[in-house]
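Structure file model06.pdb; described as PDB, C-alpha atoms.
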ATOM      1  CA  MET A   1       5.504   4.518  29.928  1.00  0.00           C
ATOM      2  CA  ALA A   2       4.898   1.766  27.385  1.00  0.00           C
ATOM      3  CA  LEU A   3       4.412  -1.862  28.418  1.00  0.00           C
ATOM      4  CA  SER A   4       7.754  -2.984  26.967  1.00  0.00           C
ATOM      5  CA  GLU A   5       9.574  -0.168  28.808  1.00  0.00           C
ATOM      6  CA  LYS A   6       7.871  -1.167  32.081  1.00  0.00           C
ATOM      7  CA  LEU A   7       8.931  -4.790  31.603  1.00  0.00           C
ATOM      8  CA  VAL A   8      12.538  -3.786  30.860  1.00  0.00           C
ATOM      9  CA  ALA A   9      12.598  -1.587  33.989  1.00  0.00           C
ATOM     10  CA  LEU A  10      11.132  -4.423  36.087  1.00  0.00           C
ATOM     11  CA  PHE A  11      13.686  -6.842  34.661  1.00  0.00           C
ATOM     12  CA  LEU A  12      16.603  -4.513  35.489  1.00  0.00           C
ATOM     13  CA  ILE A  13      15.341  -3.920  39.051  1.00  0.00           C
ATOM     14  CA  ALA A  14      14.954  -7.664  39.589  1.00  0.00           C
ATOM     15  CA  LEU A  15      18.466  -8.195  38.221  1.00  0.00           C
ATOM     16  CA  VAL A  16      19.988  -5.652  40.617  1.00  0.00           C
ATOM     17  CA  ILE A  17      18.149  -7.217  43.588  1.00  0.00           C
ATOM     18  CA  LEU A  18      19.314 -10.719  42.634  1.00  0.00           C
ATOM     19  CA  LEU A  19      22.896  -9.497  42.241  1.00  0.00           C
ATOM     20  CA  PHE A  20      22.728  -7.815  45.638  1.00  0.00           C
ATOM     21  CA  LEU A  21      21.347 -10.959  47.306  1.00  0.00           C
ATOM     22  CA  GLY A  22      23.954 -13.094  45.516  1.00  0.00           C
ATOM     23  CA  LEU A  23      26.713 -10.794  46.727  1.00  0.00           C
ATOM     24  CA  LEU A  24      25.429 -11.045  50.318  1.00  0.00           C
ATOM     25  CA  LEU A  25      25.328 -14.828  50.044  1.00  0.00           C
ATOM     26  CA  PHE A  26      28.780 -14.854  48.492  1.00  0.00           C
ATOM     27  CA  ARG A  27      30.289 -12.745  51.271  1.00  0.00           C
ATOM     28  CA  SER A  28      28.661 -14.745  54.079  1.00  0.00           C
ATOM     29  CA  THR A  29      29.621 -18.165  52.718  1.00  0.00           C
ATOM     30  CA  ARG A  30      32.857 -19.799  53.727  1.00  0.00           C
ATOM     31  CA  ALA A  31      34.414 -21.508  50.776  1.00  0.00           C
ATOM     32  CA  SER A  32      37.771 -22.319  49.200  1.00  0.00           C
ATOM     33  CA  PRO A  33      39.192 -20.040  46.473  1.00  0.00           C
ATOM     34  CA  GLU A  34      38.343 -22.693  43.837  1.00  0.00           C
ATOM     35  CA  GLN A  35      34.740 -22.832  45.036  1.00  0.00           C
ATOM     36  CA  ARG A  36      34.543 -19.031  45.064  1.00  0.00           C
ATOM     37  CA  PHE A  37      35.902 -18.868  41.517  1.00  0.00           C
ATOM     38  CA  GLY A  38      33.399 -21.508  40.415  1.00  0.00           C
ATOM     39  CA  PHE A  39      30.618 -19.562  42.074  1.00  0.00           C
ATOM     40  CA  ILE A  40      31.670 -16.290  40.388  1.00  0.00           C
ATOM     41  CA  ALA A  41      31.980 -18.005  36.999  1.00  0.00           C
ATOM     42  CA  ALA A  42      28.524 -19.585  37.380  1.00  0.00           C
ATOM     43  CA  VAL A  43      26.951 -16.271  38.397  1.00  0.00           C
ATOM     44  CA  PHE A  44      28.673 -14.492  35.497  1.00  0.00           C
ATOM     45  CA  VAL A  45      27.504 -17.056  32.935  1.00  0.00           C
ATOM     46  CA  GLN A  46      23.997 -16.964  34.376  1.00  0.00           C
ATOM     47  CA  LEU A  47      24.052 -13.176  34.313  1.00  0.00           C
ATOM     48  CA  ILE A  48      25.051 -13.092  30.640  1.00  0.00           C
ATOM     49  CA  GLY A  49      22.345 -15.651  29.796  1.00  0.00           C
ATOM     50  CA  THR A  50      19.705 -13.724  31.719  1.00  0.00           C
ATOM     51  CA  ILE A  51      20.627 -10.445  30.039  1.00  0.00           C
ATOM     52  CA  ALA A  52      20.562 -12.080  26.612  1.00  0.00           C
ATOM     53  CA  PHE A  53      17.182 -13.674  27.339  1.00  0.00           C
ATOM     54  CA  GLY A  54      15.820 -10.386  28.658  1.00  0.00           C
ATOM     55  CA  ALA A  55      17.073  -8.530  25.597  1.00  0.00           C
ATOM     56  CA  VAL A  56      15.393 -11.021  23.255  1.00  0.00           C
ATOM     57  CA  VAL A  57      12.095 -10.850  25.166  1.00  0.00           C
ATOM     58  CA  SER A  58      12.219  -7.049  25.339  1.00  0.00           C
ATOM     59  CA  TYR A  59      12.966  -6.731  21.632  1.00  0.00           C
ATOM     60  CA  SER A  60      10.127  -9.135  20.780  1.00  0.00           C
ATOM     61  CA  LEU A  61       7.688  -7.165  22.922  1.00  0.00           C
ATOM     62  CA  PHE A  62       8.885  -3.918  21.358  1.00  0.00           C
ATOM     63  CA  ALA A  63       8.467  -5.333  17.839  1.00  0.00           C
ATOM     64  CA  ILE A  64       4.948  -6.604  18.593  1.00  0.00           C
ATOM     65  CA  GLN A  65       3.909  -3.313  20.177  1.00  0.00           C
ATOM     66  CA  HIS A  66       5.396  -1.299  17.294  1.00  0.00           C
ATOM     67  CA  ALA A  67       3.557  -3.466  14.751  1.00  0.00           C
ATOM     68  CA  GLN A  68       0.276  -2.997  16.635  1.00  0.00           C
ATOM     69  CA  GLU A  69       0.725   0.783  16.776  1.00  0.00           C
ATOM     70  CA  LEU A  70       1.574   0.893  13.080  1.00  0.00           C
ATOM     71  CA  SER A  71      -1.486  -1.193  12.232  1.00  0.00           C
ATOM     72  CA  GLU A  72      -3.745   1.071  14.322  1.00  0.00           C
ATOM     73  CA  LYS A  73      -2.258   4.168  12.708  1.00  0.00           C
ATOM     74  CA  GLN A  74      -2.822   2.738   9.219  1.00  0.00           C
ATOM     75  CA  ARG A  75      -6.423   1.906  10.107  1.00  0.00           C
ATOM     76  CA  GLY A  76      -6.857   5.462  11.390  1.00  0.00           C
ATOM     77  CA  ASP A  77      -5.357   6.929   8.213  1.00  0.00           C
ATOM     78  CA  VAL A  78      -7.718   4.855   6.052  1.00  0.00           C
ATOM     79  CA  ASP A  79     -10.710   6.053   8.095  1.00  0.00           C
ATOM     80  CA  VAL A  80      -9.623   9.693   7.794  1.00  0.00           C
ATOM     81  CA  ALA A  81      -9.102   9.342   4.037  1.00  0.00           C
ATOM     82  CA  ALA A  82     -12.546   7.753   3.579  1.00  0.00           C
ATOM     83  CA  ALA A  83     -14.237  10.482   5.644  1.00  0.00           C
ATOM     84  CA  ASN A  84     -12.443  13.253   3.732  1.00  0.00           C
ATOM     85  CA  LYS A  85     -13.287  11.660   0.385  1.00  0.00           C
ATOM     86  CA  LYS A  86     -16.942  11.458   1.368  1.00  0.00           C
ATOM     87  CA  ARG A  87     -16.964  15.094   2.498  1.00  0.00           C
ATOM     88  CA  VAL A  88     -15.216  16.455  -0.627  1.00  0.00           C
ATOM     89  CA  ILE A  89     -17.513  14.457  -2.914  1.00  0.00           C
ATOM     90  CA  SER A  90     -20.596  15.708  -1.056  1.00  0.00           C
ATOM     91  CA  TYR A  91     -19.530  19.349  -1.591  1.00  0.00           C
ATOM     92  CA  ILE A  92     -18.780  18.758  -5.279  1.00  0.00           C
ATOM     93  CA  LYS A  93     -22.114  17.002  -5.659  1.00  0.00           C
ATOM     94  CA  ALA A  94     -23.942  19.929  -4.052  1.00  0.00           C
ATOM     95  CA  GLU A  95     -22.163  22.427  -6.296  1.00  0.00           C
ATOM     96  CA  LEU A  96     -22.780  20.466  -9.501  1.00  0.00           C
ATOM     97  CA  SER A  97     -26.422  19.865  -8.531  1.00  0.00           C
ATOM     98  CA  TYR A  98     -26.844  23.607  -8.125  1.00  0.00           C
ATOM     99  CA  ASP A  99     -25.171  24.169 -11.520  1.00  0.00           C
ATOM    100  CA  LEU A 100     -27.414  21.591 -13.193  1.00  0.00           C
ATOM    101  CA  ASP A 101     -30.540  23.231 -11.788  1.00  0.00           C
ATOM    102  CA  ALA A 102     -29.280  26.635 -12.915  1.00  0.00           C
ATOM    103  CA  ILE A 103     -28.563  25.323 -16.416  1.00  0.00           C
ATOM    104  CA  LYS A 104     -32.059  23.823 -16.618  1.00  0.00           C
ATOM    105  CA  VAL A 105     -33.585  27.140 -15.569  1.00  0.00           C
ATOM    106  CA  LYS A 106     -31.602  28.997 -18.224  1.00  0.00           C
ATOM    107  CA  ARG A 107     -32.363  26.511 -20.985  1.00  0.00           C
ATOM    108  CA  GLY A 108     -36.039  27.093 -20.364  1.00  0.00           C
ATOM    109  CA  ALA A 109     -35.690  30.826 -19.826  1.00  0.00           C
ATOM    110  CA  GLY A 110     -36.517  31.811 -23.422  1.00  0.00           C
ATOM    111  CA  THR A 111     -36.659  35.551 -23.847  1.00  0.00           C
ATOM    112  CA  VAL A 112     -35.678  36.236 -20.271  1.00  0.00           C
ATOM    113  CA  LEU A 113     -32.335  34.469 -20.581  1.00  0.00           C
ATOM    114  CA  ASP A 114     -30.377  37.556 -19.559  1.00  0.00           C
ATOM    115  CA  PHE A 115     -32.455  37.811 -16.373  1.00  0.00           C
ATOM    116  CA  ALA A 116     -31.942  34.122 -15.631  1.00  0.00           C
ATOM    117  CA  ILE A 117     -28.190  34.461 -16.154  1.00  0.00           C
ATOM    118  CA  GLN A 118     -28.028  37.275 -13.617  1.00  0.00           C
ATOM    119  CA  LYS A 119     -30.382  35.596 -11.171  1.00  0.00           C
ATOM    120  CA  THR A 120     -28.803  32.141 -11.149  1.00  0.00           C
ATOM    121  CA  PRO A 121     -25.089  32.400 -11.884  1.00  0.00           C
ATOM    122  CA  LEU A 122     -23.124  29.173 -12.204  1.00  0.00           C
ATOM    123  CA  LYS A 123     -20.512  28.390  -9.605  1.00  0.00           C
ATOM    124  CA  SER A 124     -17.328  26.361  -9.458  1.00  0.00           C
ATOM    125  CA  GLU A 125     -15.786  27.971  -6.391  1.00  0.00           C
ATOM    126  CA  PHE A 126     -15.535  24.814  -4.283  1.00  0.00           C
ATOM    127  CA  TRP A 127     -13.923  22.897  -7.145  1.00  0.00           C
ATOM    128  CA  LYS A 128     -11.268  25.607  -7.517  1.00  0.00           C
ATOM    129  CA  ILE A 129     -10.655  25.858  -3.774  1.00  0.00           C
ATOM    130  CA  ALA A 130     -10.441  22.067  -3.431  1.00  0.00           C
ATOM    131  CA  GLY A 131      -7.889  22.001  -6.257  1.00  0.00           C
ATOM    132  CA  LEU A 132      -5.804  24.791  -4.745  1.00  0.00           C
ATOM    133  CA  SER A 133      -5.908  23.424  -1.198  1.00  0.00           C
ATOM    134  CA  GLY A 134      -5.014  19.898  -2.289  1.00  0.00           C
ATOM    135  CA  ASP A 135      -8.266  18.384  -1.043  1.00  0.00           C
ATOM    136  CA  LEU A 136      -8.839  16.684  -4.402  1.00  0.00           C
ATOM    137  CA  LYS A 137      -6.153  14.173  -3.384  1.00  0.00           C
ATOM    138  CA  TRP A 138      -8.788  12.410  -1.265  1.00  0.00           C
ATOM    139  CA  ILE A 139     -10.617  11.369  -4.447  1.00  0.00           C
ATOM    140  CA  ASP A 140      -8.437   8.448  -5.447  1.00  0.00           C
ATOM    141  CA  ASP A 141     -10.604   7.519  -8.450  1.00  0.00           C
ATOM    142  CA  VAL A 142      -8.920   9.124 -11.476  1.00  0.00           C
ATOM    143  CA  GLU A 143     -11.806   8.347 -13.847  1.00  0.00           C
ATOM    144  CA  LEU A 144     -14.263  10.056 -11.512  1.00  0.00           C
ATOM    145  CA  LEU A 145     -11.954  13.064 -11.232  1.00  0.00           C
ATOM    146  CA  ASN A 146     -11.760  13.223 -15.025  1.00  0.00           C
ATOM    147  CA  LEU A 147     -15.564  13.198 -15.279  1.00  0.00           C
ATOM    148  CA  VAL A 148     -15.895  15.959 -12.698  1.00  0.00           C
ATOM    149  CA  ALA A 149     -13.128  18.011 -14.338  1.00  0.00           C
ATOM    150  CA  ASP A 150     -14.926  17.648 -17.662  1.00  0.00           C
ATOM    151  CA  ALA A 151     -18.181  18.886 -16.113  1.00  0.00           C
ATOM    152  CA  TYR A 152     -16.452  21.900 -14.559  1.00  0.00           C
ATOM    153  CA  PHE A 153     -14.680  22.658 -17.836  1.00  0.00           C
ATOM    154  CA  ASN A 154     -18.085  22.997 -19.486  1.00  0.00           C
ATOM    155  CA  VAL A 155     -19.508  24.958 -16.550  1.00  0.00           C
ATOM    156  CA  ASP A 156     -16.606  27.414 -16.728  1.00  0.00           C
ATOM    157  CA  ASN A 157     -17.004  27.630 -20.493  1.00  0.00           C
ATOM    158  CA  VAL A 158     -20.652  28.603 -20.021  1.00  0.00           C
ATOM    159  CA  ARG A 159     -19.677  31.116 -17.336  1.00  0.00           C
ATOM    160  CA  ASN A 160     -17.179  32.759 -19.701  1.00  0.00           C
ATOM    161  CA  TRP A 161     -19.768  33.095 -22.457  1.00  0.00           C
ATOM    162  CA  GLU A 162     -22.399  34.323 -20.022  1.00  0.00           C
ATOM    163  CA  ALA A 163     -20.021  37.052 -18.929  1.00  0.00           C
ATOM    164  CA  ARG A 164     -19.934  38.306 -22.523  1.00  0.00           C
ATOM    165  CA  PHE A 165     -23.676  38.116 -22.892  1.00  0.00           C
TER
ATOM    166  CA  MET B   1     -21.640  45.634 -33.298  1.00  0.00           C
ATOM    167  CA  THR B   2     -22.090  42.720 -35.694  1.00  0.00           C
ATOM    168  CA  VAL B   3     -20.302  39.481 -36.451  1.00  0.00           C
ATOM    169  CA  ASN B   4     -20.095  37.574 -39.725  1.00  0.00           C
ATOM    170  CA  VAL B   5     -21.533  34.074 -39.337  1.00  0.00           C
ATOM    171  CA  GLY B   6     -21.635  31.900 -42.443  1.00  0.00           C
ATOM    172  CA  GLY B   7     -21.513  34.929 -44.711  1.00  0.00           C
ATOM    173  CA  GLN B   8     -24.373  36.621 -42.894  1.00  0.00           C
ATOM    174  CA  SER B   9     -24.119  39.572 -40.627  1.00  0.00           C
ATOM    175  CA  MET B  10     -25.536  38.998 -37.158  1.00  0.00           C
ATOM    176  CA  PRO B  11     -25.706  41.279 -34.151  1.00  0.00           C
ATOM    177  CA  MET B  12     -23.070  40.381 -31.609  1.00  0.00           C
ATOM    178  CA  ARG B  13     -25.688  40.107 -28.854  1.00  0.00           C
ATOM    179  CA  ASP B  14     -27.692  37.539 -30.827  1.00  0.00           C
ATOM    180  CA  PHE B  15     -24.549  35.607 -31.677  1.00  0.00           C
ATOM    181  CA  VAL B  16     -23.504  35.406 -28.036  1.00  0.00           C
ATOM    182  CA  LYS B  17     -27.051  34.538 -26.982  1.00  0.00           C
ATOM    183  CA  ASN B  18     -27.119  31.606 -29.393  1.00  0.00           C
ATOM    184  CA  PHE B  19     -23.656  30.558 -28.367  1.00  0.00           C
ATOM    185  CA  VAL B  20     -24.561  30.624 -24.685  1.00  0.00           C
ATOM    186  CA  ARG B  21     -27.601  28.463 -25.426  1.00  0.00           C
ATOM    187  CA  ASP B  22     -25.426  26.063 -27.406  1.00  0.00           C
ATOM    188  CA  THR B  23     -23.039  25.638 -24.512  1.00  0.00           C
ATOM    189  CA  TYR B  24     -25.783  24.686 -22.037  1.00  0.00           C
ATOM    190  CA  ALA B  25     -26.447  21.314 -23.679  1.00  0.00           C
ATOM    191  CA  PRO B  26     -22.905  19.860 -23.379  1.00  0.00           C
ATOM    192  CA  ALA B  27     -22.572  21.377 -19.922  1.00  0.00           C
ATOM    193  CA  ALA B  28     -25.790  19.720 -18.789  1.00  0.00           C
ATOM    194  CA  ILE B  29     -24.702  16.366 -20.252  1.00  0.00           C
ATOM    195  CA  THR B  30     -21.292  16.354 -18.582  1.00  0.00           C
ATOM    196  CA  VAL B  31     -22.653  17.629 -15.266  1.00  0.00           C
ATOM    197  CA  GLU B  32     -25.343  14.927 -15.263  1.00  0.00           C
ATOM    198  CA  ALA B  33     -22.729  12.285 -16.096  1.00  0.00           C
ATOM    199  CA  ALA B  34     -20.509  13.445 -13.232  1.00  0.00           C
ATOM    200  CA  LEU B  35     -23.422  13.572 -10.791  1.00  0.00           C
ATOM    201  CA  ALA B  36     -24.455  10.065 -11.763  1.00  0.00           C
ATOM    202  CA  LYS B  37     -20.995   8.784 -10.804  1.00  0.00           C
ATOM    203  CA  LEU B  38     -20.609  10.835  -7.631  1.00  0.00           C
TER
END

What do you get writing this file as structure tokens?
Amino acid sequence: MALSEKLVALFLIALVILLFLGLLLFRSTRASPEQRFGFIAAVFVQLIGTIAFGAVVSYSLFAIQHAQELSEKQRGDVDVAAANKKRVISYIKAELSYDLDAIKVKRGAGTVLDFAIQKTPLKSEFWKIAGLSGDLKWIDDVELLNLVADAYFNVDNVRNWEARF
Amino acid sequence: MTVNVGGQSMPMRDFVKNFVRDTYAPAAITVEAALAKL
């Protein structure tokens, strides 16, 4: 049970107890009809005021608690997004580093290019999977995405020509 | 199998070999540029 709900429950219990005690006092007190009417009117007005006050306090507590929860959730979402971005970038970096090494090997392969092509094939599997699964959304830098997409375009171009070789 | 390149006949295998080598340079440049920013 949330704090605001506990306070509302406590307030309602206290209200019922006060009403019960007031009723006992009212029944045990000898008074004229005018005095009894005045007493009832005073209790009624006080009851309305107390309920209104309690409602305002409860709503304020609820609003504060809701704002705190929302703030914590937003902070959590930002942390998750940053962690996912870091992870996706690390995988892309590893894949492109492998491709760069493979390209360097092949550029220096000379007469054994066909052997080098078979031995160190280029890869863009993570990039494709990340695109299909929607994980690229974590990279919120469009210019960086464009650079990476450009690199993979060239890698795939090389792969296509290597397949014909 | 041969291909005509600039009016000269060239074996398809040599043509593809040269083309593959030509594609490595731009690929290396763009991959290095992306890695530098990552």

(request) Carefully work through the PyMOL selection byres ((chain A) within 7 of (chain B)) for this structure and note down the residues it includes, as an NGL selection string. (result) :A and (89 or 93 or 96 or 100 or 103 or 107 or 144 or 147-148 or 150-151 or 154-155 or 158 or 161-162 or 165)

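Note that atom CA of A:Ser90 and atom CA of A:Thr120 are 21.0 Å apart.
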
(message) I'd like the interatomic distance between atom CA of A:Lys86 and atom CA of A:Lys73, to a tenth of an Å.
(response) 19.9 Å

(request) Between atom CA of A:Arg27 and atom CA of A:Ile13, measure the distance and give it in Å to one decimal. (result) 21.2 Å

(message) Residues near A:Leu19, anyone? I mean within 9 Å using all atoms listed in the file, not counting same-chain ones fewer than 4 positions away, as a PyMOL selection string.
(response) chain A and resi 14-15+23-24+43+47

(message) If the PyMOL selection byres ((chain A and resi 11) around 12) were run on this exact file, what residues would it hold? Put them as number ranges by chain.
(response) A: 4-10, 12-18, 50-55, 57-58

(request) Determine the residue membership of the PyMOL selection byres ((chain A and resi 129-138) around 12) for the file above and supply it as a PyMOL selection string. (result) chain A and resi 77-89+91-92+123-128+139-142+144-146+148-149+152
